[in-house]
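J.: Structure provided below as structure tokens; questions to follow.
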Amino acid sequence: MKKLFMFDALREATDEEMTKDASVFILGEDVGHYGGSYKVTKDLHAKYGDLRVLDTPIAENSFMGMAIGAAITGLRPIVEGMNMSFLLLAFNQISNNAGMLRYTSGGNFKIPIVIRGPGGVGRQLGAEHSQRLEAYFQAIPGLKIVACSTPYNAKGLLKSAIRDDNPVIFFEHVLLYNLKEDLPDIEYFLPLDKAELVKEGKQVTIVTYSRMRHYVIQAVNELVKQGYDPEVLDLISLKPIDIQSISVSLRKTHKLIIVEECMKTGGIAAEIIAQINDKYFDQLDAPIIRLSSQDIPTPYNGNLEKATLVSPQQIIESVKNLVNL
């Protein structure tokens with residue numbers, strides 16, 4: 001075992017796959033000599049050179065198109081968005097080309113591309129740099145979407161994403177890069193389409209992902225002290241949503257809380273609620289509770305920024321209210 005920060009786990013996954021497969025390469029703003037805005041590609045330029053660790057201009061739509069073209073020819077590009085908010089500038093390439101070309105080419109083209117980088121609400125990064133784009137991309141056919149939440153799952157998921165023959169949007173939260181965890185020395189992979197059972201319980205199911213996993217764990221630790229027994233699922237896969245794992249948990253608890261950093265309107269929780277109501281409504285003994293960010297641009301002011309997000313105390317109160325119905 002070795003203890004790694006999450007940014008080091010992501011770097012190690014990238015390095016391992018680049019060593020094994022010469023078709024894997026990285027491109028993006030400041031990924032080369034600077035080593036990436038959060039040091040995920042640190043020292044890789046010195047090891048692999050300009051052609052495999054490619055610094056690009058500030059031109060997201062252009063270098064995304066270049067990466068998709070490279071994927072069509074059989075290469076395996078990893079595109080780093082310096083901030084995932086910037087990928088809105090490449091939305092056309094991601095939606096109309098990365099997501100659809102395998103279908104519109106009649107299966108003649110595979111698009112093995114990973115689009116990864118930091119997102120979410122940081123600490124006073126302002127509205128434009130605090131976007132949560134997972135719901136934007138969820139409606140696009142052909143994409144897989146993953147949100148890592150720990151160093152362990154970050155490494156295993158990224159290695160699987162690089163080897164996948166489909167386009168994968170890989171969300172990393174800007175405030176999780178300095179999480180540290182013991183990782184095994186042996187090679188491992190994690191599935192891109194499965195939720196993780198973080199804690200077993202009997203009273204209520206809490207579904208979450210990314211940074212909110214850690215808010216939920218804070219809340220659950222306090223709830224356990226008070227005699228409550230919630231079950232916790234980390235979605236990990238945001239497209240496709242592992243609705244089967246949620247259903248299995250609901251058969252035990254019959255109550256559901258969804259905690260997300262995404263906006264409430266049209267968010268990931270909204271899609272889960274729709275699918276549960278369509279397929280598993282009879283498993284519910286109470287209305288589903290949705291805890292999401294407020295539908296406003298994220299303020300720069302630190303106190304106002306905090307007020308727009310779900311807090312551990314809100315999670316505690318929601319669990320108590322639902323269990324005690």
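Residue numbering restarts at 1 for every chain of the structure tokens, chains are lettered A, B, ... in their displayed order, and ligands are numbered from 1 as they appear.
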Among range 91-149 of chain A, which ones does DSSP place in strand (DSSP E or B), written as an MDAnalysis selection string?
T.: chainID A and resid 114:119 144:147
J.: Okay, now the selection with C-alpha atoms, as a tab-separated table (two decimals), in the first residue's frame?
T.:
```tsv
chain	number	residue	atom	x	y	z
A	114	VAL	CA	-11.44	10.91	-22.01
A	115	ILE	CA	-12.39	14.49	-21.19
A	116	ARG	CA	-11.33	15.23	-17.63
A	117	GLY	CA	-10.58	18.10	-15.29
A	118	PRO	CA	-11.58	20.07	-12.18
A	119	GLY	CA	-15.10	21.32	-11.62
A	144	LYS	CA	-20.45	8.06	-20.39
A	145	ILE	CA	-20.13	10.35	-17.36
A	146	VAL	CA	-18.14	9.54	-14.22
A	147	ALA	CA	-17.54	11.53	-11.02
```
J.: Just list as a list of chain:residue names whatever in range 134-213 of chain A DSSP marks as helix (DSSP H, G or I).
T.: A:Glu134, A:Ala135, A:Tyr136, A:Phe137, A:Gln138, A:Pro151, A:Tyr152, A:Asn153, A:Ala154, A:Lys155, A:Gly156, A:Leu157, A:Leu158, A:Lys159, A:Ser160, A:Ala161, A:Ile162, A:Arg163, A:Met212, A:Arg213
J.: Which range 115-209 of chain A residues have any atom within 10 Å of an atom of range 267-270 of chain A, and for each, what is the nearest pair of atoms with distance in Å to one decimal, counting only C-alpha atoms, rows sorted by chain and number, as JSON lines?
T.:
```
{"residue": "A:Arg132", "atom": "CA", "partner": "A:Gly267", "partner_atom": "CA", "distance": 9.5}
{"residue": "A:Leu133", "atom": "CA", "partner": "A:Gly267", "partner_atom": "CA", "distance": 9.4}
{"residue": "A:Glu134", "atom": "CA", "partner": "A:Ile268", "partner_atom": "CA", "distance": 7.5}
{"residue": "A:Ala135", "atom": "CA", "partner": "A:Gly267", "partner_atom": "CA", "distance": 5.3}
{"residue": "A:Tyr136", "atom": "CA", "partner": "A:Gly267", "partner_atom": "CA", "distance": 8.5}
{"residue": "A:Gln138", "atom": "CA", "partner": "A:Ile268", "partner_atom": "CA", "distance": 8.1}
{"residue": "A:Val207", "atom": "CA", "partner": "A:Ala269", "partner_atom": "CA", "distance": 8.9}
{"residue": "A:Thr208", "atom": "CA", "partner": "A:Ala269", "partner_atom": "CA", "distance": 8.8}
{"residue": "A:Tyr209", "atom": "CA", "partner": "A:Ile268", "partner_atom": "CA", "distance": 9.8}
```
J.: Counting only C-alpha atoms, what is within 10 Å of Leu309 in chain A, bar same-chain residues fewer than 6 positions away, as number ranges by chain?
T.: A: 121, 212, 260-263, 291-294, 298
J.: Just C-alpha atoms for this one: save the residues we selected as a PDB file, in the first residue's frame.
T.:
```
ATOM      1  CA  VAL A 121     -17.785  24.896  -6.366  1.00  0.00           C
ATOM      2  CA  MET A 212     -21.065  15.631  -1.444  1.00  0.00           C
ATOM      3  CA  GLU A 260     -25.921  16.690  -4.898  1.00  0.00           C
ATOM      4  CA  GLU A 261     -23.903  19.817  -5.596  1.00  0.00           C
ATOM      5  CA  CYS A 262     -25.648  20.119  -8.956  1.00  0.00           C
ATOM      6  CA  MET A 263     -28.374  22.705  -9.471  1.00  0.00           C
ATOM      7  CA  LEU A 291     -30.994  18.300  -1.422  1.00  0.00           C
ATOM      8  CA  SER A 292     -29.353  20.354  -4.183  1.00  0.00           C
ATOM      9  CA  SER A 293     -27.601  23.656  -4.752  1.00  0.00           C
ATOM     10  CA  GLN A 294     -29.738  26.720  -5.217  1.00  0.00           C
ATOM     11  CA  THR A 298     -22.455  30.942  -7.376  1.00  0.00           C
TER      12      THR A 298
END
```
J.: Could you list, as number ranges by chain, every residue within 9 Å of Leu176 in chain A, counting only C-alpha atoms and ignoring same-chain residues fewer than 3 positions away?
T.: A: 5-7, 149-151, 172-173, 179, 210-211
J.: Output N, CA and C atoms of each residue in that selection to a file, as a CSV table (one decimal), in the first residue's frame.
T.:
```csv
chain,number,residue,atom,x,y,z
A,5,PHE,N,-2.1,11.5,-2.7
A,5,PHE,CA,-3.1,12.5,-2.9
A,5,PHE,C,-3.9,12.1,-4.2
A,6,MET,N,-5.1,12.7,-4.3
A,6,MET,CA,-6.0,12.3,-5.4
A,6,MET,C,-5.3,12.8,-6.7
A,7,PHE,N,-4.7,13.9,-6.7
A,7,PHE,CA,-4.1,14.4,-8.0
A,7,PHE,C,-2.9,13.4,-8.4
A,149,SER,N,-14.5,10.4,-6.4
A,149,SER,CA,-14.7,11.1,-5.1
A,149,SER,C,-13.6,10.7,-4.1
A,150,THR,N,-12.7,9.8,-4.4
A,150,THR,CA,-11.6,9.4,-3.5
A,150,THR,C,-10.4,9.1,-4.4
A,151,PRO,N,-9.2,9.2,-3.8
A,151,PRO,CA,-8.0,8.8,-4.6
A,151,PRO,C,-8.1,7.4,-5.1
A,172,GLU,N,-13.7,15.6,-11.9
A,172,GLU,CA,-12.9,15.7,-10.6
A,172,GLU,C,-13.3,17.0,-9.9
A,173,HIS,N,-13.5,16.9,-8.6
A,173,HIS,CA,-13.9,18.1,-7.9
A,173,HIS,C,-12.7,18.8,-7.5
A,179,LEU,N,-7.2,15.2,-1.1
A,179,LEU,CA,-7.5,14.1,-0.3
A,179,LEU,C,-6.4,13.0,-0.4
A,210,SER,N,-19.4,12.6,-5.8
A,210,SER,CA,-18.4,13.6,-5.8
A,210,SER,C,-18.1,14.2,-4.4
A,211,ARG,N,-18.0,15.5,-4.3
A,211,ARG,CA,-17.6,16.1,-3.0
A,211,ARG,C,-18.7,15.9,-2.0
```
J.: Rank A:Glu187, A:Glu80, A:Glu181, A:Glu271 by their smallest atom-to-atom distance to Met64 in chain A, using only C-alpha atoms, and report the top residue only.
T.: A:Glu80
J.: So which one's closest to Phe189 in chain A, A:Val323, A:Ile316, A:Ile206, A:Ile162? Using only C-alpha atoms, please.
T.: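 Residue with the minimum atom-to-atom distance to Phe189 in chain A: A:Ile162.
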J.: Give me the residues of range 194-216 of chain A that have any atom at most 8 Å from an atom of range 221-233 of chain A; for each, the nearest atom pair and the distance in Å, rounded to one decimal. Use only C-alpha atoms, sort by chain and number, and format it as CSV.
T.:
```
residue,atom,partner,partner_atom,distance
A:Ala195,CA,A:Leu233,CA,6.5
A:Glu196,CA,A:Leu233,CA,5.6
A:Leu197,CA,A:Leu233,CA,4.7
A:Val198,CA,A:Val232,CA,5.4
A:Lys199,CA,A:Val232,CA,5.0
A:Glu200,CA,A:Glu231,CA,4.6
A:Gly201,CA,A:Glu231,CA,4.0
A:Lys202,CA,A:Asp229,CA,5.9
A:Gln203,CA,A:Pro230,CA,5.4
A:Val204,CA,A:Pro230,CA,4.9
A:Thr205,CA,A:Glu231,CA,4.8
A:Ile206,CA,A:Val232,CA,4.8
A:Val207,CA,A:Leu233,CA,4.8
A:Thr208,CA,A:Leu233,CA,6.3
A:Val216,CA,A:Val232,CA,8.0
```
J.: Output N, CA, C and O atoms for every residue in that selection, as a PDB file, in the first residue's frame.
T.:
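So the final result, stored in selection.pdb, reads:
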```pdb
ATOM      1  N   ALA A 195     -22.507   2.005  -9.039  1.00  0.00           N
ATOM      2  CA  ALA A 195     -22.440   2.792  -7.805  1.00  0.00           C
ATOM      3  C   ALA A 195     -21.647   2.028  -6.749  1.00  0.00           C
ATOM      4  O   ALA A 195     -21.511   0.800  -6.820  1.00  0.00           O
ATOM      5  N   GLU A 196     -21.131   2.759  -5.769  1.00  0.00           N
ATOM      6  CA  GLU A 196     -20.388   2.146  -4.665  1.00  0.00           C
ATOM      7  C   GLU A 196     -21.225   2.203  -3.389  1.00  0.00           C
ATOM      8  O   GLU A 196     -21.718   3.272  -3.012  1.00  0.00           O
ATOM      9  N   LEU A 197     -21.368   1.056  -2.744  1.00  0.00           N
ATOM     10  CA  LEU A 197     -22.021   1.017  -1.437  1.00  0.00           C
ATOM     11  C   LEU A 197     -21.003   1.464  -0.394  1.00  0.00           C
ATOM     12  O   LEU A 197     -20.085   0.721  -0.044  1.00  0.00           O
ATOM     13  N   VAL A 198     -21.152   2.674   0.102  1.00  0.00           N
ATOM     14  CA  VAL A 198     -20.182   3.255   1.036  1.00  0.00           C
ATOM     15  C   VAL A 198     -20.452   2.795   2.459  1.00  0.00           C
ATOM     16  O   VAL A 198     -19.529   2.505   3.224  1.00  0.00           O
ATOM     17  N   LYS A 199     -21.735   2.717   2.826  1.00  0.00           N
ATOM     18  CA  LYS A 199     -22.125   2.264   4.167  1.00  0.00           C
ATOM     19  C   LYS A 199     -23.463   1.551   4.088  1.00  0.00           C
ATOM     20  O   LYS A 199     -24.402   2.050   3.480  1.00  0.00           O
ATOM     21  N   GLU A 200     -23.546   0.389   4.699  1.00  0.00           N
ATOM     22  CA  GLU A 200     -24.819  -0.322   4.776  1.00  0.00           C
ATOM     23  C   GLU A 200     -25.669   0.242   5.905  1.00  0.00           C
ATOM     24  O   GLU A 200     -25.159   0.702   6.927  1.00  0.00           O
ATOM     25  N   GLY A 201     -26.968   0.216   5.709  1.00  0.00           N
ATOM     26  CA  GLY A 201     -27.892   0.692   6.728  1.00  0.00           C
ATOM     27  C   GLY A 201     -29.295   0.182   6.450  1.00  0.00           C
ATOM     28  O   GLY A 201     -29.539  -0.487   5.436  1.00  0.00           O
ATOM     29  N   LYS A 202     -30.244   0.510   7.331  1.00  0.00           N
ATOM     30  CA  LYS A 202     -31.591  -0.057   7.236  1.00  0.00           C
ATOM     31  C   LYS A 202     -32.704   0.980   7.183  1.00  0.00           C
ATOM     32  O   LYS A 202     -33.809   0.679   6.757  1.00  0.00           O
ATOM     33  N   GLN A 203     -32.428   2.216   7.614  1.00  0.00           N
ATOM     34  CA  GLN A 203     -33.527   3.161   7.812  1.00  0.00           C
ATOM     35  C   GLN A 203     -33.828   4.053   6.617  1.00  0.00           C
ATOM     36  O   GLN A 203     -34.984   4.375   6.339  1.00  0.00           O
ATOM     37  N   VAL A 204     -32.790   4.490   5.910  1.00  0.00           N
ATOM     38  CA  VAL A 204     -32.984   5.420   4.800  1.00  0.00           C
ATOM     39  C   VAL A 204     -31.787   5.291   3.858  1.00  0.00           C
ATOM     40  O   VAL A 204     -30.661   5.050   4.299  1.00  0.00           O
ATOM     41  N   THR A 205     -32.028   5.417   2.573  1.00  0.00           N
ATOM     42  CA  THR A 205     -30.960   5.391   1.564  1.00  0.00           C
ATOM     43  C   THR A 205     -30.571   6.822   1.220  1.00  0.00           C
ATOM     44  O   THR A 205     -31.435   7.632   0.875  1.00  0.00           O
ATOM     45  N   ILE A 206     -29.273   7.127   1.315  1.00  0.00           N
ATOM     46  CA  ILE A 206     -28.758   8.424   0.879  1.00  0.00           C
ATOM     47  C   ILE A 206     -27.901   8.188  -0.362  1.00  0.00           C
ATOM     48  O   ILE A 206     -26.902   7.467  -0.309  1.00  0.00           O
ATOM     49  N   VAL A 207     -28.293   8.787  -1.474  1.00  0.00           N
ATOM     50  CA  VAL A 207     -27.554   8.682  -2.727  1.00  0.00           C
ATOM     51  C   VAL A 207     -26.848  10.010  -2.976  1.00  0.00           C
ATOM     52  O   VAL A 207     -27.457  11.081  -2.882  1.00  0.00           O
ATOM     53  N   THR A 208     -25.562   9.938  -3.317  1.00  0.00           N
ATOM     54  CA  THR A 208     -24.774  11.151  -3.508  1.00  0.00           C
ATOM     55  C   THR A 208     -23.651  10.878  -4.483  1.00  0.00           C
ATOM     56  O   THR A 208     -23.546   9.761  -5.035  1.00  0.00           O
ATOM     57  N   VAL A 216     -21.936  13.966   3.173  1.00  0.00           N
ATOM     58  CA  VAL A 216     -22.853  12.926   3.663  1.00  0.00           C
ATOM     59  C   VAL A 216     -22.191  12.101   4.756  1.00  0.00           C
ATOM     60  O   VAL A 216     -22.817  11.808   5.783  1.00  0.00           O
TER      61      VAL A 216
END
```
J.: Find, counting only C-alpha atoms, the residue in A:Ala9, A:Ile68, A:Leu4, A:Leu192 that gets nearest to Leu238 in chain A.
T.: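 Comparing A:Ala9, A:Ile68, A:Leu4, A:Leu192 against Leu238 in chain A, the winner is A:Leu192.
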J.: Mind giving me the straight-line distance from CA of His129 in chain A to CA of Arg76 in chain A in Å, one decimal?
T.: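 Separating CA of His129 in chain A from CA of Arg76 in chain A is a distance of 27.5 Å.
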